[in-house]
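Chemist: Just one file: run-v6.cif, with mmCIF, C-alpha atoms.
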```cif
data_model
loop_
_atom_site.label_atom_id
_atom_site.label_comp_id
_atom_site.auth_asym_id
_atom_site.auth_seq_id
_atom_site.Cartn_x
_atom_site.Cartn_y
_atom_site.Cartn_z
CA MET A 1130 131.12 111.76 74.19
CA GLU A 1131 131.76 110.45 70.65
CA ASN A 1132 133.36 107.33 72.06
CA ASN A 1133 130.25 106.52 74.06
CA GLU A 1134 127.96 107.11 71.09
CA GLN A 1135 129.90 104.62 68.96
CA LYS A 1136 129.23 101.86 71.52
CA VAL A 1137 125.48 102.31 71.24
CA LYS A 1138 124.18 100.90 67.98
CA PRO A 1139 121.13 102.48 66.31
CA ASP A 1140 118.91 99.46 66.99
CA ASP A 1141 120.06 99.09 70.61
CA ILE A 1142 117.55 99.02 73.41
CA ILE A 1143 118.91 100.71 76.53
CA PHE A 1144 118.18 98.79 79.73
CA GLN A 1145 118.09 100.68 83.01
CA VAL A 1146 119.24 98.46 85.83
CA VAL A 1147 120.07 98.62 89.54
CA GLY A 1148 123.54 97.31 90.31
CA PHE A 1149 124.53 95.53 93.51
CA LYS A 1150 127.29 93.32 94.82
CA LEU A 1151 127.49 89.98 96.56
CA GLY A 1152 131.14 89.62 97.49
CA GLU A 1153 133.20 90.50 94.41
CA GLU A 1154 130.44 89.62 91.92
CA GLU A 1155 128.41 92.50 90.47
CA PHE A 1156 124.79 91.85 89.57
CA VAL A 1157 122.05 93.94 88.02
CA LEU A 1158 118.25 93.82 88.14
CA ASP A 1159 115.78 95.47 85.78
CA ILE A 1160 114.88 98.79 87.40
CA LEU A 1161 111.23 98.30 86.42
CA LYS A 1162 111.05 95.31 88.81
CA VAL A 1163 112.57 97.25 91.73
CA GLN A 1164 110.03 98.94 94.01
CA GLU A 1165 112.53 100.46 96.43
CA ILE A 1166 115.85 100.01 98.19
CA ILE A 1167 115.92 100.21 101.98
CA LYS A 1168 118.49 99.94 104.74
CA LEU A 1169 118.56 96.70 106.67
CA VAL A 1170 115.83 96.58 109.32
CA ASP A 1171 114.92 94.02 111.96
CA ILE A 1172 113.81 90.80 110.30
CA THR A 1173 111.38 88.49 112.09
CA PRO A 1174 112.32 84.83 111.51
CA VAL A 1175 109.54 82.52 110.31
CA PRO A 1176 109.66 78.84 111.35
CA ASN A 1177 109.67 76.17 108.62
CA SER A 1178 110.52 78.59 105.82
CA PRO A 1179 113.19 77.71 103.21
CA ASP A 1180 116.75 78.19 104.51
CA PHE A 1181 117.47 81.16 102.23
CA VAL A 1182 114.44 83.03 103.62
CA GLU A 1183 115.65 85.22 106.48
CA GLY A 1184 112.11 86.02 107.65
CA VAL A 1185 109.68 88.89 107.15
CA ILE A 1186 109.59 92.64 107.63
CA ASN A 1187 106.74 95.08 107.99
CA LEU A 1188 107.06 97.70 105.27
CA ARG A 1189 104.40 100.37 105.73
CA GLY A 1190 101.82 97.83 106.82
CA LYS A 1191 102.74 95.12 104.31
CA VAL A 1192 104.42 91.90 105.43
CA ILE A 1193 107.21 91.13 102.99
CA PRO A 1194 109.34 87.94 102.88
CA ILE A 1195 113.08 88.61 102.91
CA VAL A 1196 115.43 86.37 100.88
CA SER A 1197 119.19 86.26 101.36
CA LEU A 1198 120.61 86.26 97.82
CA ARG A 1199 123.93 85.06 99.28
CA LYS A 1200 122.25 81.91 100.61
CA ARG A 1201 120.04 81.55 97.54
CA PHE A 1202 123.04 81.54 95.23
CA GLY A 1203 125.23 79.38 97.47
CA PHE A 1204 127.67 82.11 98.53
CA GLN A 1205 129.30 81.93 101.94
CA ASP A 1206 127.35 83.89 104.55
CA LYS A 1207 128.74 87.29 105.52
CA GLU A 1208 128.19 89.57 108.48
CA LYS A 1209 125.66 92.26 107.64
CA ASP A 1210 126.95 95.82 107.99
CA SER A 1211 126.01 99.45 107.36
CA GLN A 1212 126.25 98.87 103.58
CA THR A 1213 123.81 95.93 103.56
CA ARG A 1214 120.58 96.75 101.75
CA ILE A 1215 117.23 95.18 100.99
CA ILE A 1216 116.10 95.54 97.39
CA VAL A 1217 112.30 95.23 97.32
CA VAL A 1218 111.17 93.73 94.02
CA GLU A 1219 107.87 92.66 92.55
CA ILE A 1220 107.58 89.01 91.54
CA GLU A 1221 104.23 87.91 90.14
CA LYS A 1222 102.43 90.87 91.75
CA LYS A 1223 103.92 90.11 95.19
CA LEU A 1224 106.66 92.03 96.96
CA VAL A 1225 109.84 90.21 98.04
CA GLY A 1226 112.97 91.70 99.60
CA PHE A 1227 116.44 90.58 98.53
CA ILE A 1228 119.32 91.13 100.97
CA VAL A 1229 122.48 92.24 99.14
CA ASP A 1230 125.92 93.29 100.36
CA TYR A 1231 125.53 96.77 98.91
CA VAL A 1232 123.88 98.64 96.08
CA THR A 1233 126.29 100.18 93.58
CA GLU A 1234 124.36 102.42 91.18
CA VAL A 1235 121.67 102.75 88.55
CA LEU A 1236 123.16 101.94 85.15
CA ARG A 1237 122.13 102.16 81.51
CA ILE A 1238 123.26 99.16 79.48
CA PRO A 1239 122.88 98.90 75.68
CA SER A 1240 121.30 95.56 74.67
CA SER A 1241 124.17 94.89 72.24
CA THR A 1242 126.59 94.61 75.19
CA ILE A 1243 124.57 91.82 76.87
CA GLU A 1244 125.55 88.30 75.89
CA PRO A 1245 123.80 85.03 76.77
CA PRO A 1246 125.18 83.46 79.94
CA PRO A 1247 128.12 81.10 79.41
CA PRO A 1248 127.35 77.42 80.18
CA LEU A 1249 129.25 77.47 83.49
CA VAL A 1250 128.65 80.73 85.33
CA SER A 1251 130.19 81.31 88.77
CA LYS A 1252 128.33 79.78 91.69
CA ILE A 1253 124.81 80.49 90.55
CA GLY A 1254 122.71 78.55 88.08
CA SER A 1255 122.21 79.91 84.59
CA GLU A 1256 118.42 79.56 84.97
CA TYR A 1257 118.41 82.84 86.96
CA LEU A 1258 120.39 84.74 84.37
CA LYS A 1259 119.31 86.84 81.43
CA GLY A 1260 122.93 87.30 80.41
CA VAL A 1261 126.22 88.97 81.14
CA GLY A 1262 126.62 92.66 80.35
CA LYS A 1263 129.87 94.40 79.57
CA LEU A 1264 130.22 97.99 80.68
CA ASP A 1265 133.69 99.47 80.24
CA GLU A 1266 135.93 97.00 82.08
CA ARG A 1267 133.14 95.59 84.25
CA LEU A 1268 131.19 92.38 83.80
CA LEU A 1269 127.63 92.60 85.11
CA ILE A 1270 125.56 89.51 85.77
CA VAL A 1271 122.04 90.31 84.57
CA LEU A 1272 119.50 88.50 86.79
CA ASP A 1273 115.99 87.50 85.77
CA VAL A 1274 113.96 88.53 88.84
CA ASP A 1275 111.06 86.23 87.94
CA LYS A 1276 113.29 83.14 87.87
CA ILE A 1277 115.38 83.68 91.02
CA LEU A 1278 112.78 81.65 92.91
CA SER A 1279 111.31 78.47 91.43
CA THR A 1280 107.54 77.93 91.44
CA GLU A 1281 107.94 75.47 94.33
CA GLU A 1282 109.99 77.99 96.32
CA LYS A 1283 107.47 80.76 95.68
CA ASN A 1284 104.72 78.42 96.91
CA ALA A 1285 106.78 77.41 99.98
CA ILE A 1286 107.36 81.06 100.84
CA GLN A 1287 103.66 81.87 100.44
CA LYS A 1288 102.68 78.91 102.69
CA SER A 1289 105.14 80.07 105.35
CA PHE A 1290 103.40 83.39 105.73
#
```
Step by step, read the file and then write its structure as structure tokens.
Modeler:
Amino acid sequence: MENNEQKVKPDDIIFQVVGFKLGEEEFVLDILKVQEIIKLVDITPVPNSPDFVEGVINLRGKVIPIVSLRKRFGFQDKEKDSQTRIIVVEIEKKLVGFIVDYVTEVLRIPSSTIEPPPPLVSKIGSEYLKGVGKLDERLLIVLDVDKILSTEEKNAIQKSF
């Protein structure tokens, strides 16, 4: 217990995040942006939508666009399986679902352990990143939910539906 307390500095803000994986990379999203996490359901394709948009689902009467984060970040596509989840987030007062390989856990990360993103970060652009968090031996890529989609992409998705 003492060890853990030494890592948290008195002026630290503790961020609660939802962790998930795409391949070997571990990402986290601010838990306050996450509405819910659901199992993969049937997705209805929508013609003329951006290539990373898988389609839409009906979630309790609401039509929600579904984005493949693998495609969005330029990862190779992967067969969906029983671990695949949809993380429903709120972006600018609208719900969007992100398909991820699997959800790991809810974590608490002290702000002092989050560093700005390095100039060259993996396969995804640094504009989506808030930083990189260190938790024990793990590196967590902290995503900025509001910047995962550009204004043009948000508009294109809205026009598609």
Chemist: Quick one: of A:Ile1286, A:Thr1233, A:Phe1202, A:Ser1240, who's nearest to Glu1155 (chain A), counting all atoms listed in the file?
Modeler: A:Thr1233
Chemist: Taking only C-alpha atoms into account, which of A:Glu1234, A:Glu1282, A:Thr1242, A:Ile1270 comes nearest Lys1138 (chain A)?
Modeler: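 Nearest to Lys1138 (chain A): A:Thr1242.
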Chemist: Do you have the CA of Ile1243 (chain A)-CA of Gly1152 (chain A) distance handy?
Modeler: 21.8 Å
Chemist: If you count all atoms listed in the file, which residues fall within 12 Å of Arg1237 (chain A), apart from same-chain ones fewer than 2 positions away, as a list in words?
Modeler: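 Once the nearby chain positions are removed, what remains is Asn1133, Val1137, Asp1141, Ile1142, Ile1143, Phe1144, Gln1145, Val1146, Val1147, Gly1148, Val1157, Leu1158, Asp1159, Ile1160, Glu1234, Val1235, Pro1239, Ser1240, Ser1241, Thr1242, Ile1243, Gly1262, Lys1263, Leu1264, Asp1265 and Leu1269 of chain A.
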Chemist: Which residue, A:Ser1211, A:Ser1279, A:Asn1177, A:Gln1164, has the smallest gap to Gly1226 (chain A) when you use only C-alpha atoms?
Modeler: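 Among the listed residues, the smallest separation from Gly1226 (chain A) belongs to A:Gln1164.
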Chemist: Take the PyMOL selection byres ((chain A and resi 1287) around 12), apply it to the structure above, and return the hits as a list of chain:residue names.
Modeler: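 What the PyMOL selection byres ((chain A and resi 1287) around 12) grabs from the file is A:Val1175, A:Asn1177, A:Ser1178, A:Pro1179, A:Val1182, A:Gly1184, A:Val1185, A:Val1192, A:Ile1193, A:Pro1194, A:Ile1195, A:Glu1221, A:Lys1223, A:Leu1224, A:Val1225, A:Leu1278, A:Thr1280, A:Glu1281, A:Glu1282, A:Lys1283, A:Asn1284, A:Ala1285, A:Ile1286, A:Lys1288, A:Ser1289, A:Phe1290.
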Chemist: Go ahead and write the residues just picked, C-alpha atoms, as a compact mmCIF listing (two decimals), in the coordinates of the input.
Modeler:
```
# COMPACT_ATOMS: atom_id res chain seq x y z
CA VAL A 1175 109.54 82.52 110.31
CA ASN A 1177 109.67 76.17 108.62
CA SER A 1178 110.52 78.59 105.82
CA PRO A 1179 113.19 77.71 103.21
CA VAL A 1182 114.44 83.03 103.62
CA GLY A 1184 112.11 86.02 107.65
CA VAL A 1185 109.68 88.89 107.15
CA VAL A 1192 104.42 91.90 105.43
CA ILE A 1193 107.21 91.13 102.99
CA PRO A 1194 109.34 87.94 102.88
CA ILE A 1195 113.08 88.61 102.91
CA GLU A 1221 104.23 87.91 90.14
CA LYS A 1223 103.92 90.11 95.19
CA LEU A 1224 106.66 92.03 96.96
CA VAL A 1225 109.84 90.21 98.04
CA LEU A 1278 112.78 81.65 92.91
CA THR A 1280 107.54 77.93 91.44
CA GLU A 1281 107.94 75.47 94.33
CA GLU A 1282 109.99 77.99 96.32
CA LYS A 1283 107.47 80.76 95.68
CA ASN A 1284 104.72 78.42 96.91
CA ALA A 1285 106.78 77.41 99.98
CA ILE A 1286 107.36 81.06 100.84
CA LYS A 1288 102.68 78.91 102.69
CA SER A 1289 105.14 80.07 105.35
CA PHE A 1290 103.40 83.39 105.73
```
Chemist: Of the candidates A:Leu1161, A:Leu1188, A:Ile1167, A:Leu1258, which shows the shortest atom-to-atom distance to Phe1227 (chain A), using only C-alpha atoms?
Modeler: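 Closest to Phe1227 (chain A) of all the choices is A:Ile1167.
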Chemist: When you count all atoms listed in the file, which of these residues is closest to Asp1171 (chain A): A:Glu1266, A:Asp1140, A:Glu1219, A:Glu1183?
Modeler: A:Glu1183
Chemist: For CA of Ile1277 (chain A) and CA of Ser1197 (chain A), determine how far apart the two atoms are, in Å to one decimal place.
Modeler: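 According to the coordinates, CA of Ile1277 (chain A) and CA of Ser1197 (chain A) are separated by 11.3 Å.
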Chemist: Quick one: residues within 10 Å of (116.4, 87.1, 80.4) (file frame), counting all atoms listed in the file, please, as a list in words.
Modeler: Asp1159, Pro1245, Pro1246, Glu1256, Tyr1257, Leu1258, Lys1259, Gly1260, Val1271, Leu1272, Asp1273, Val1274, Asp1275 and Lys1276 of chain A
Chemist: Could you tell me how far CA of Gly1190 (chain A) sits from CA of Ile1166 (chain A), in Å to one decimal place?
Modeler: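 These two atoms are separated by 16.6 Å.
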Chemist: Name the residues, using the chain letters and numbers of the file, that sit within 12 Å of (132.0, 89.5, 92.0) when counting all atoms listed in the file, and give them as a list of chain:residue names.
Modeler: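 Checked against the point, the hits come out as A:Gly1148, A:Phe1149, A:Lys1150, A:Leu1151, A:Gly1152, A:Glu1153, A:Glu1154, A:Glu1155, A:Phe1156, A:Val1157, A:Arg1199, A:Phe1204, A:Asp1230, A:Tyr1231, A:Val1250, A:Ser1251, A:Lys1252, A:Ile1253, A:Arg1267, A:Leu1268, A:Leu1269, A:Ile1270.
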Chemist: Would you mind exporting the chosen residues as a PDB file, in the frame of the given file, restricted to C-alpha atoms?
Modeler:
```
ATOM      1  CA  GLY A1148     123.540  97.310  90.310  1.00  0.00           C
ATOM      2  CA  PHE A1149     124.530  95.530  93.510  1.00  0.00           C
ATOM      3  CA  LYS A1150     127.290  93.320  94.820  1.00  0.00           C
ATOM      4  CA  LEU A1151     127.490  89.980  96.560  1.00  0.00           C
ATOM      5  CA  GLY A1152     131.140  89.620  97.490  1.00  0.00           C
ATOM      6  CA  GLU A1153     133.200  90.500  94.410  1.00  0.00           C
ATOM      7  CA  GLU A1154     130.440  89.620  91.920  1.00  0.00           C
ATOM      8  CA  GLU A1155     128.410  92.500  90.470  1.00  0.00           C
ATOM      9  CA  PHE A1156     124.790  91.850  89.570  1.00  0.00           C
ATOM     10  CA  VAL A1157     122.050  93.940  88.020  1.00  0.00           C
ATOM     11  CA  ARG A1199     123.930  85.060  99.280  1.00  0.00           C
ATOM     12  CA  PHE A1204     127.670  82.110  98.530  1.00  0.00           C
ATOM     13  CA  ASP A1230     125.920  93.290 100.360  1.00  0.00           C
ATOM     14  CA  TYR A1231     125.530  96.770  98.910  1.00  0.00           C
ATOM     15  CA  VAL A1250     128.650  80.730  85.330  1.00  0.00           C
ATOM     16  CA  SER A1251     130.190  81.310  88.770  1.00  0.00           C
ATOM     17  CA  LYS A1252     128.330  79.780  91.690  1.00  0.00           C
ATOM     18  CA  ILE A1253     124.810  80.490  90.550  1.00  0.00           C
ATOM     19  CA  ARG A1267     133.140  95.590  84.250  1.00  0.00           C
ATOM     20  CA  LEU A1268     131.190  92.380  83.800  1.00  0.00           C
ATOM     21  CA  LEU A1269     127.630  92.600  85.110  1.00  0.00           C
ATOM     22  CA  ILE A1270     125.560  89.510  85.770  1.00  0.00           C
TER      23      ILE A1270
END
```
Chemist: Need the shell around Thr1213 (chain A): protein/DNA/RNA residues with any atom at most 8 Å away, counting all atoms listed in the file. Skip same-chain ones fewer than 5 positions apart. Format as a PyMOL selection string?
Modeler: chain A and resi 1168-1169+1228-1232
Chemist: Can you give me N, CA and C atoms for region 1211-1223 of chain A, written as a PDB file, in the frame of the given file?
Modeler:
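In the end it all went to part05.pdb:
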```pdb
ATOM      1  N   SER A1211     126.730  98.214 107.688  1.00  0.00           N
ATOM      2  CA  SER A1211     126.010  99.450 107.360  1.00  0.00           C
ATOM      3  C   SER A1211     125.747  99.597 105.855  1.00  0.00           C
ATOM      4  N   GLN A1212     126.448  98.828 105.034  1.00  0.00           N
ATOM      5  CA  GLN A1212     126.250  98.870 103.580  1.00  0.00           C
ATOM      6  C   GLN A1212     125.162  97.904 103.098  1.00  0.00           C
ATOM      7  N   THR A1213     124.805  96.936 103.937  1.00  0.00           N
ATOM      8  CA  THR A1213     123.810  95.930 103.560  1.00  0.00           C
ATOM      9  C   THR A1213     122.477  96.595 103.248  1.00  0.00           C
ATOM     10  N   ARG A1214     121.856  96.174 102.164  1.00  0.00           N
ATOM     11  CA  ARG A1214     120.580  96.750 101.750  1.00  0.00           C
ATOM     12  C   ARG A1214     119.570  95.649 101.425  1.00  0.00           C
ATOM     13  N   ILE A1215     118.312  96.050 101.443  1.00  0.00           N
ATOM     14  CA  ILE A1215     117.230  95.180 100.990  1.00  0.00           C
ATOM     15  C   ILE A1215     116.660  95.827  99.726  1.00  0.00           C
ATOM     16  N   ILE A1216     116.699  95.070  98.639  1.00  0.00           N
ATOM     17  CA  ILE A1216     116.100  95.540  97.390  1.00  0.00           C
ATOM     18  C   ILE A1216     114.715  94.898  97.315  1.00  0.00           C
ATOM     19  N   VAL A1217     113.678  95.730  97.364  1.00  0.00           N
ATOM     20  CA  VAL A1217     112.300  95.230  97.320  1.00  0.00           C
ATOM     21  C   VAL A1217     111.892  95.169  95.849  1.00  0.00           C
ATOM     22  N   VAL A1218     111.547  93.957  95.409  1.00  0.00           N
ATOM     23  CA  VAL A1218     111.170  93.730  94.020  1.00  0.00           C
ATOM     24  C   VAL A1218     109.760  93.160  93.944  1.00  0.00           C
ATOM     25  N   GLU A1219     109.187  93.257  92.767  1.00  0.00           N
ATOM     26  CA  GLU A1219     107.870  92.660  92.550  1.00  0.00           C
ATOM     27  C   GLU A1219     108.046  91.401  91.704  1.00  0.00           C
ATOM     28  N   ILE A1220     107.565  90.285  92.249  1.00  0.00           N
ATOM     29  CA  ILE A1220     107.580  89.010  91.540  1.00  0.00           C
ATOM     30  C   ILE A1220     106.146  88.508  91.499  1.00  0.00           C
ATOM     31  N   GLU A1221     105.604  88.385  90.312  1.00  0.00           N
ATOM     32  CA  GLU A1221     104.230  87.910  90.140  1.00  0.00           C
ATOM     33  C   GLU A1221     103.253  88.655  91.044  1.00  0.00           C
ATOM     34  N   LYS A1222     103.325  89.968  91.014  1.00  0.00           N
ATOM     35  CA  LYS A1222     102.430  90.870  91.750  1.00  0.00           C
ATOM     36  C   LYS A1222     102.566  90.788  93.264  1.00  0.00           C
ATOM     37  N   LYS A1223     103.662  90.169  93.750  1.00  0.00           N
ATOM     38  CA  LYS A1223     103.920  90.110  95.190  1.00  0.00           C
ATOM     39  C   LYS A1223     105.285  90.730  95.452  1.00  0.00           C
TER      40      LYS A1223
END
```
